[in-house]
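Shown next: target-v4.pdb, given as PDB, C-alpha atoms, pLDDT in the B column.
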ATOM      1  CA  MET A   3      50.968 -41.901  -2.809  1.00 63.00           C
ATOM      2  CA  GLN A   4      47.739 -40.495  -4.189  1.00 66.00           C
ATOM      3  CA  PRO A   5      44.919 -39.328  -1.965  1.00 64.00           C
ATOM      4  CA  PRO A   6      41.873 -41.559  -2.033  1.00 59.00           C
ATOM      5  CA  ARG A   7      39.227 -40.568  -4.573  1.00 56.00           C
ATOM      6  CA  ALA A   8      35.836 -39.473  -3.433  1.00 57.00           C
ATOM      7  CA  HIS A   9      34.109 -41.426  -6.215  1.00 55.00           C
ATOM      8  CA  PRO A  10      35.171 -44.646  -7.863  1.00 54.00           C
ATOM      9  CA  PRO A  11      36.544 -44.026 -11.351  1.00 55.00           C
ATOM     10  CA  HIS A  12      33.913 -46.140 -13.055  1.00 56.00           C
ATOM     11  CA  GLY A  13      30.966 -45.261 -10.855  1.00 53.00           C
ATOM     12  CA  HIS A  14      27.436 -44.539 -11.861  1.00 54.00           C
ATOM     13  CA  PRO A  15      27.283 -41.432 -14.160  1.00 53.00           C
ATOM     14  CA  GLN A  16      24.504 -39.737 -12.158  1.00 51.00           C
ATOM     15  CA  GLN A  17      26.157 -40.266  -8.806  1.00 56.00           C
ATOM     16  CA  ASP A  18      26.802 -36.520  -8.337  1.00 58.00           C
ATOM     17  CA  TYR A  19      23.122 -35.629  -8.800  1.00 58.00           C
ATOM     18  CA  PRO A  20      20.388 -35.992  -6.244  1.00 57.00           C
ATOM     19  CA  PRO A  21      17.955 -38.831  -6.876  1.00 59.00           C
ATOM     20  CA  PRO A  22      14.713 -38.024  -8.676  1.00 62.00           C
ATOM     21  CA  GLY A  23      12.122 -36.556  -6.391  1.00 61.00           C
ATOM     22  CA  TYR A  24      14.535 -34.226  -4.635  1.00 59.00           C
ATOM     23  CA  PRO A  25      14.194 -30.563  -5.618  1.00 61.00           C
ATOM     24  CA  GLN A  26      16.714 -29.441  -8.196  1.00 58.00           C
ATOM     25  CA  GLN A  27      18.595 -26.311  -7.149  1.00 61.00           C
ATOM     26  CA  PHE A  28      19.674 -24.643 -10.369  1.00 64.00           C
ATOM     27  CA  GLY A  29      20.091 -20.872 -10.490  1.00 62.00           C
ATOM     28  CA  ALA A  30      18.488 -18.339  -8.237  1.00 63.00           C
ATOM     29  CA  PRO A  31      15.209 -19.128  -6.516  1.00 68.00           C
ATOM     30  CA  VAL A  32      12.095 -17.699  -8.130  1.00 65.00           C
ATOM     31  CA  ARG A  33      10.825 -14.679  -6.198  1.00 74.00           C
ATOM     32  CA  LEU A  34       7.121 -14.062  -6.422  1.00 80.00           C
ATOM     33  CA  ARG A  35       6.034 -10.532  -7.132  1.00 88.00           C
ATOM     34  CA  ALA A  36       2.710  -8.764  -6.856  1.00 86.00           C
ATOM     35  CA  ASN A  37       0.249  -9.118  -9.713  1.00 88.00           C
ATOM     36  CA  VAL A  38       1.058  -6.767 -12.604  1.00 90.00           C
ATOM     37  CA  VAL A  39      -2.426  -5.446 -13.315  1.00 92.00           C
ATOM     38  CA  GLY A  40      -3.318  -5.192  -9.638  1.00 92.00           C
ATOM     39  CA  SER A  41      -0.080  -3.383  -8.808  1.00 94.00           C
ATOM     40  CA  VAL A  42      -0.528  -0.791 -11.520  1.00 95.00           C
ATOM     41  CA  LEU A  43      -4.189  -0.232 -10.695  1.00 96.00           C
ATOM     42  CA  ALA A  44      -3.497   0.007  -6.943  1.00 95.00           C
ATOM     43  CA  GLY A  45      -0.626   2.435  -7.573  1.00 96.00           C
ATOM     44  CA  LEU A  46      -2.772   4.651  -9.789  1.00 97.00           C
ATOM     45  CA  LEU A  47      -5.604   4.653  -7.253  1.00 97.00           C
ATOM     46  CA  ALA A  48      -3.108   5.541  -4.523  1.00 97.00           C
ATOM     47  CA  LEU A  49      -1.816   8.486  -6.542  1.00 97.00           C
ATOM     48  CA  LEU A  50      -5.385   9.643  -7.118  1.00 98.00           C
ATOM     49  CA  ALA A  51      -6.111   9.333  -3.390  1.00 97.00           C
ATOM     50  CA  ALA A  52      -2.936  11.274  -2.577  1.00 97.00           C
ATOM     51  CA  GLY A  53      -4.020  14.060  -4.921  1.00 97.00           C
ATOM     52  CA  LEU A  54      -7.445  14.160  -3.272  1.00 96.00           C
ATOM     53  CA  LEU A  55      -5.824  14.351   0.169  1.00 95.00           C
ATOM     54  CA  VAL A  56      -3.636  17.256  -0.929  1.00 96.00           C
ATOM     55  CA  TRP A  57      -6.734  18.942  -2.363  1.00 95.00           C
ATOM     56  CA  PHE A  58      -8.488  18.469   0.989  1.00 92.00           C
ATOM     57  CA  ALA A  59      -5.546  19.881   2.962  1.00 92.00           C
ATOM     58  CA  VAL A  60      -5.158  22.917   0.690  1.00 92.00           C
ATOM     59  CA  ALA A  61      -8.919  23.573   0.637  1.00 91.00           C
ATOM     60  CA  ASP A  62      -8.969  23.389   4.436  1.00 88.00           C
ATOM     61  CA  MET A  63      -6.053  25.844   4.616  1.00 87.00           C
ATOM     62  CA  LEU A  64      -7.765  28.266   2.241  1.00 87.00           C
ATOM     63  CA  ALA A  65     -11.089  28.021   4.085  1.00 83.00           C
ATOM     64  CA  ASN A  66      -9.323  28.976   7.328  1.00 82.00           C
ATOM     65  CA  SER A  67      -6.909  31.632   6.087  1.00 74.00           C
ATOM     66  CA  THR A  68      -7.410  33.921   9.053  1.00 71.00           C
ATOM     67  CA  PRO A  69      -4.452  35.649  10.710  1.00 68.00           C
ATOM     68  CA  GLU A  70      -5.176  33.862  13.984  1.00 74.00           C
ATOM     69  CA  PRO A  71      -3.674  30.444  14.598  1.00 83.00           C
ATOM     70  CA  TRP A  72      -5.635  27.619  13.043  1.00 77.00           C
ATOM     71  CA  PRO A  73      -8.007  25.650  15.235  1.00 80.00           C
ATOM     72  CA  ASP A  74      -6.784  22.201  16.264  1.00 80.00           C
ATOM     73  CA  VAL A  75      -9.141  20.485  13.809  1.00 79.00           C
ATOM     74  CA  VAL A  76      -7.762  22.433  10.850  1.00 83.00           C
ATOM     75  CA  ARG A  77      -4.169  21.839  11.943  1.00 86.00           C
ATOM     76  CA  MET A  78      -4.868  18.108  12.263  1.00 86.00           C
ATOM     77  CA  ASN A  79      -6.581  18.023   8.841  1.00 85.00           C
ATOM     78  CA  VAL A  80      -3.724  19.831   7.087  1.00 88.00           C
ATOM     79  CA  ILE A  81      -0.887  17.862   8.714  1.00 91.00           C
ATOM     80  CA  GLY A  82      -2.791  14.572   8.410  1.00 90.00           C
ATOM     81  CA  GLY A  83      -3.736  15.215   4.785  1.00 92.00           C
ATOM     82  CA  PHE A  84      -0.179  15.961   3.655  1.00 95.00           C
ATOM     83  CA  THR A  85       1.300  13.124   5.734  1.00 95.00           C
ATOM     84  CA  ALA A  86      -1.204  10.560   4.447  1.00 93.00           C
ATOM     85  CA  ALA A  87      -0.644  11.744   0.863  1.00 96.00           C
ATOM     86  CA  GLY A  88       3.118  11.355   1.238  1.00 96.00           C
ATOM     87  CA  LEU A  89       2.755   7.864   2.711  1.00 95.00           C
ATOM     88  CA  LEU A  90       0.446   6.803  -0.117  1.00 96.00           C
ATOM     89  CA  VAL A  91       2.871   8.094  -2.766  1.00 97.00           C
ATOM     90  CA  ILE A  92       5.799   6.202  -1.203  1.00 96.00           C
ATOM     91  CA  ALA A  93       3.770   2.991  -0.920  1.00 95.00           C
ATOM     92  CA  ALA A  94       2.534   3.464  -4.502  1.00 95.00           C
ATOM     93  CA  VAL A  95       6.130   3.573  -5.778  1.00 95.00           C
ATOM     94  CA  PHE A  96       6.884   0.228  -4.127  1.00 94.00           C
ATOM     95  CA  THR A  97       3.611  -1.176  -5.440  1.00 93.00           C
ATOM     96  CA  PHE A  98       4.473  -0.057  -8.982  1.00 92.00           C
ATOM     97  CA  ALA A  99       7.721  -2.019  -8.518  1.00 91.00           C
ATOM     98  CA  ARG A 100       5.503  -5.085  -7.894  1.00 90.00           C
ATOM     99  CA  MET A 101       6.859  -5.631  -4.410  1.00 92.00           C
ATOM    100  CA  VAL A 102       4.462  -7.723  -2.339  1.00 90.00           C
ATOM    101  CA  ALA A 103       5.405  -5.846   0.838  1.00 91.00           C
ATOM    102  CA  GLY A 104       4.708  -2.546  -0.935  1.00 91.00           C
ATOM    103  CA  ALA A 105       1.251  -3.725  -1.966  1.00 93.00           C
ATOM    104  CA  TRP A 106       0.471  -4.888   1.580  1.00 94.00           C
ATOM    105  CA  THR A 107       1.748  -1.598   3.008  1.00 95.00           C
ATOM    106  CA  LEU A 108      -0.379   0.358   0.570  1.00 95.00           C
ATOM    107  CA  GLY A 109      -3.435  -1.715   1.408  1.00 95.00           C
ATOM    108  CA  VAL A 110      -2.972  -1.378   5.169  1.00 96.00           C
ATOM    109  CA  ALA A 111      -2.228   2.361   4.964  1.00 95.00           C
ATOM    110  CA  SER A 112      -5.304   2.963   2.816  1.00 96.00           C
ATOM    111  CA  LEU A 113      -7.515   0.925   5.114  1.00 95.00           C
ATOM    112  CA  PHE A 114      -6.098   2.715   8.159  1.00 93.00           C
ATOM    113  CA  PHE A 115      -6.882   6.062   6.543  1.00 93.00           C
ATOM    114  CA  VAL A 116     -10.477   5.037   5.815  1.00 92.00           C
ATOM    115  CA  ILE A 117     -11.020   3.815   9.365  1.00 91.00           C
ATOM    116  CA  MET A 118      -9.412   6.862  10.967  1.00 88.00           C
ATOM    117  CA  ASN A 119     -11.278   9.222   8.665  1.00 86.00           C
ATOM    118  CA  ILE A 120     -14.571   7.766   9.790  1.00 86.00           C
ATOM    119  CA  ILE A 121     -13.756   7.211  13.486  1.00 87.00           C
ATOM    120  CA  ALA A 122     -11.433  10.093  14.475  1.00 81.00           C
ATOM    121  CA  PRO A 123     -14.074  12.850  14.267  1.00 80.00           C
ATOM    122  CA  LEU A 124     -16.434  10.686  16.292  1.00 82.00           C
ATOM    123  CA  LEU A 125     -13.786  10.449  19.020  1.00 85.00           C
ATOM    124  CA  ARG A 126     -13.755  14.259  19.201  1.00 81.00           C
ATOM    125  CA  GLY A 127     -17.453  14.228  20.033  1.00 84.00           C
ATOM    126  CA  GLU A 128     -18.931  14.971  16.613  1.00 82.00           C
ATOM    127  CA  SER A 129     -22.283  13.319  15.940  1.00 85.00           C
ATOM    128  CA  VAL A 130     -22.361  10.357  13.601  1.00 84.00           C
ATOM    129  CA  SER A 131     -25.029  11.803  11.308  1.00 86.00           C
ATOM    130  CA  ALA A 132     -23.296  15.200  11.037  1.00 85.00           C
ATOM    131  CA  HIS A 133     -19.948  13.587  10.237  1.00 84.00           C
ATOM    132  CA  LEU A 134     -21.331  11.154   7.655  1.00 85.00           C
ATOM    133  CA  SER A 135     -23.333  13.994   6.106  1.00 88.00           C
ATOM    134  CA  PHE A 136     -20.117  16.020   5.770  1.00 83.00           C
ATOM    135  CA  LEU A 137     -18.091  13.037   4.562  1.00 85.00           C
ATOM    136  CA  PHE A 138     -20.482  11.655   1.962  1.00 86.00           C
ATOM    137  CA  GLY A 139     -22.819  14.613   1.430  1.00 86.00           C
ATOM    138  CA  PHE A 140     -20.408  16.380  -0.936  1.00 84.00           C
ATOM    139  CA  HIS A 141     -21.706  19.814   0.174  1.00 83.00           C
ATOM    140  CA  LYS A 142     -18.487  21.833   0.431  1.00 86.00           C
ATOM    141  CA  THR A 143     -15.155  21.649  -1.352  1.00 88.00           C
ATOM    142  CA  THR A 144     -13.521  20.022   1.666  1.00 86.00           C
ATOM    143  CA  GLY A 145     -16.396  17.554   1.943  1.00 87.00           C
ATOM    144  CA  VAL A 146     -16.101  16.570  -1.710  1.00 91.00           C
ATOM    145  CA  ALA A 147     -12.329  16.126  -1.419  1.00 92.00           C
ATOM    146  CA  ILE A 148     -12.368  14.053   1.757  1.00 89.00           C
ATOM    147  CA  GLY A 149     -15.404  12.015   0.662  1.00 92.00           C
ATOM    148  CA  LEU A 150     -13.781  11.080  -2.636  1.00 94.00           C
ATOM    149  CA  ALA A 151     -10.467  10.391  -0.862  1.00 94.00           C
ATOM    150  CA  THR A 152     -12.209   8.003   1.520  1.00 93.00           C
ATOM    151  CA  ILE A 153     -13.937   6.145  -1.303  1.00 95.00           C
ATOM    152  CA  VAL A 154     -10.762   5.935  -3.415  1.00 97.00           C
ATOM    153  CA  CYS A 155      -8.703   4.781  -0.410  1.00 96.00           C
ATOM    154  CA  ALA A 156     -11.212   1.999   0.259  1.00 96.00           C
ATOM    155  CA  LEU A 157     -10.886   0.873  -3.372  1.00 97.00           C
ATOM    156  CA  THR A 158      -7.091   1.158  -3.139  1.00 97.00           C
ATOM    157  CA  ALA A 159      -7.017  -1.090  -0.075  1.00 96.00           C
ATOM    158  CA  ILE A 160      -9.068  -3.755  -1.861  1.00 96.00           C
ATOM    159  CA  VAL A 161      -7.047  -3.677  -5.093  1.00 96.00           C
ATOM    160  CA  ALA A 162      -3.699  -3.625  -3.241  1.00 95.00           C
ATOM    161  CA  ALA A 163      -4.714  -6.676  -1.221  1.00 94.00           C
ATOM    162  CA  VAL A 164      -5.725  -8.507  -4.402  1.00 93.00           C
ATOM    163  CA  ALA A 165      -2.405  -7.558  -6.037  1.00 92.00           C
ATOM    164  CA  ALA A 166      -0.443  -8.847  -3.041  1.00 91.00           C
ATOM    165  CA  VAL A 167      -2.376 -12.128  -2.829  1.00 92.00           C
ATOM    166  CA  ALA A 168      -2.334 -12.896  -6.577  1.00 88.00           C
ATOM    167  CA  LYS A 169       1.453 -13.265  -6.767  1.00 80.00           C
ATOM    168  CA  GLN A 170       3.275 -14.030 -10.004  1.00 77.00           C
ATOM    169  CA  PRO A 171       6.907 -14.868 -10.805  1.00 74.00           C
TER     170      PRO A 171
END

Conversion result in structure tokens:
Amino acid sequence: MQPPRAHPPHGHPQQDYPPPGYPQQFGAPVRLRANVVGSVLAGLLALLAAGLLVWFAVADMLANSTPEPWPDVVRMNVIGGFTAAGLLVIAAVFTFARMVAGAWTLGVASLFFVIMNIIAPLLRGESVSAHLSFLFGFHKTTGVAIGLATIVCALTAIVAAVAAVAKQP
């Protein structure tokens, strides 16, 4: 005795296919990736910002090369500059790979740096005018480095967000 057939032998030829209107599931699903131009531009801006942050940290170290221990502000600038530069380089690599999460991470990290760079000194009690004069006055080497890093990080955040939103297959 034969087992019963699942389909009649002379059934409709398209019986094994879903009716029209149902999504066809052939192959792997299409994964959207970050915009090509935006990803490359955001990655390059992030690498430029990382270089400016390293320049700021090294210039701050050289300006305070006394045998005594560094003041807390210098220690925070050096550690924060190298840490932020490392984070931007890692996020830039994922953004170059056109990963949407990498572009969002780069955008958020850049925006966080801009906000903290403007607000953190104010939390230590520094006056607003003195800090903005240092940041965007471009008077000393450290001021030029951190001012340019802040501007480039703001641009990086904008371009990374555009790259993440303008997804492509």

*asked:* One decimal, in Å: what's the spacing between CA of Asn119 in chain A and CA of Val38 in chain A?
replied: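 Rounded to one decimal, the two atoms are 29.3 Å apart.
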
*Would you list the contacts of Leu34 in chain A as a PyMOL selection string, taking every protein, DNA or RNA residue within 10 Å and counting all atoms listed in the file, but skipping same-chain residues closer than 3 positions in sequence?*
chain A and resi 31+37+100-102+166+168-171

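Across the model, the gap from CA of Val91 in chain A to CA of Pro123 in chain A is 24.5 Å.
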
*Mind pulling up the distance from CA of Gly145 in chain A to CA of Val164 in chain A?*
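Between CA of Val164 in chain A and CA of Gly145 in chain A the gap works out to 28.9 Å.
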
*Between A:His141, A:Ser67, A:Leu89, A:Phe96, single out the one closest to Phe115 in chain A, counting all atoms listed in the file.*
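Nearest candidate to Phe115 in chain A out of A:His141, A:Ser67, A:Leu89, A:Phe96: A:Leu89.
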
*Please evaluate the PyMOL selection byres ((chain A and resi 48) around 9) against the structure above and give the resulting residues as a PyMOL selection string.*
chain A and resi 43-47+49-53+87+90-91+93-94+108+112+154-155+158-159

_as an NGL selection string, please: the residues near range 69-82 of chain A (cut-off 10 Å, all atoms listed in the file, same-chain neighbours under 6 positions excluded)._
:A and (55-63 or 88 or 115 or 119 or 123 or 126 or 148)

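Nearest-residue note for Gly40 in chain A: choosing from A:Val95, A:Ile120, A:Ala165, A:Phe84, the minimum distance belongs to A:Ala165, counting only C-alpha atoms.
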
Mind filling out range 158-169 of chain A with all heavy atoms and sending it as a short mmCIF file (atom, residue, chain, number, x, y, z; two decimals), in the coordinates of the input?
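Contents of rebuild37.cif, as written:
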data_model
loop_
_atom_site.label_atom_id
_atom_site.label_comp_id
_atom_site.auth_asym_id
_atom_site.auth_seq_id
_atom_site.Cartn_x
_atom_site.Cartn_y
_atom_site.Cartn_z
N THR A 158 -8.53 1.43 -3.10
CA THR A 158 -7.09 1.16 -3.14
C THR A 158 -6.73 0.01 -2.22
O THR A 158 -5.92 -0.85 -2.57
CB THR A 158 -6.30 2.42 -2.75
OG1 THR A 158 -6.65 3.49 -3.63
CG2 THR A 158 -4.80 2.19 -2.83
N ALA A 159 -7.31 -0.01 -1.03
CA ALA A 159 -7.02 -1.09 -0.08
C ALA A 159 -7.44 -2.44 -0.65
O ALA A 159 -6.69 -3.43 -0.53
CB ALA A 159 -7.73 -0.82 1.25
N ILE A 160 -8.59 -2.49 -1.29
CA ILE A 160 -9.07 -3.76 -1.86
C ILE A 160 -8.17 -4.21 -3.01
O ILE A 160 -7.73 -5.37 -3.06
CB ILE A 160 -10.52 -3.60 -2.34
CG1 ILE A 160 -11.45 -3.38 -1.13
CG2 ILE A 160 -10.97 -4.81 -3.15
CD1 ILE A 160 -12.84 -2.93 -1.50
N VAL A 161 -7.85 -3.31 -3.92
CA VAL A 161 -7.05 -3.68 -5.09
C VAL A 161 -5.62 -4.03 -4.68
O VAL A 161 -5.02 -4.96 -5.22
CB VAL A 161 -7.07 -2.54 -6.14
CG1 VAL A 161 -6.12 -2.84 -7.29
CG2 VAL A 161 -8.48 -2.35 -6.67
N ALA A 162 -5.06 -3.32 -3.70
CA ALA A 162 -3.70 -3.62 -3.24
C ALA A 162 -3.65 -5.00 -2.58
O ALA A 162 -2.68 -5.75 -2.77
CB ALA A 162 -3.21 -2.55 -2.27
N ALA A 163 -4.68 -5.35 -1.83
CA ALA A 163 -4.71 -6.68 -1.22
C ALA A 163 -4.81 -7.76 -2.28
O ALA A 163 -4.15 -8.81 -2.19
CB ALA A 163 -5.88 -6.78 -0.24
N VAL A 164 -5.62 -7.53 -3.31
CA VAL A 164 -5.72 -8.51 -4.40
C VAL A 164 -4.39 -8.64 -5.13
O VAL A 164 -3.96 -9.75 -5.46
CB VAL A 164 -6.86 -8.11 -5.37
CG1 VAL A 164 -6.81 -8.93 -6.65
CG2 VAL A 164 -8.20 -8.25 -4.70
N ALA A 165 -3.70 -7.52 -5.35
CA ALA A 165 -2.40 -7.56 -6.04
C ALA A 165 -1.38 -8.32 -5.22
O ALA A 165 -0.55 -9.04 -5.76
CB ALA A 165 -1.91 -6.15 -6.31
N ALA A 166 -1.42 -8.17 -3.91
CA ALA A 166 -0.44 -8.85 -3.04
C ALA A 166 -0.74 -10.35 -2.95
O ALA A 166 0.18 -11.16 -2.87
CB ALA A 166 -0.45 -8.22 -1.66
N VAL A 167 -2.01 -10.72 -2.96
CA VAL A 167 -2.38 -12.13 -2.83
C VAL A 167 -2.16 -12.88 -4.14
O VAL A 167 -1.72 -14.03 -4.15
CB VAL A 167 -3.84 -12.26 -2.34
CG1 VAL A 167 -4.33 -13.68 -2.43
CG2 VAL A 167 -3.96 -11.75 -0.92
N ALA A 168 -2.46 -12.25 -5.26
CA ALA A 168 -2.33 -12.90 -6.58
C ALA A 168 -0.91 -12.73 -7.09
O ALA A 168 -0.66 -12.07 -8.07
CB ALA A 168 -3.34 -12.28 -7.55
N LYS A 169 0.03 -13.41 -6.43
CA LYS A 169 1.45 -13.26 -6.77
C LYS A 169 1.77 -13.98 -8.07
O LYS A 169 1.17 -14.99 -8.42
CB LYS A 169 2.31 -13.83 -5.65
CG LYS A 169 2.09 -13.17 -4.32
CD LYS A 169 2.85 -13.89 -3.26
CE LYS A 169 2.31 -13.51 -1.90
NZ LYS A 169 2.78 -14.39 -0.87
#
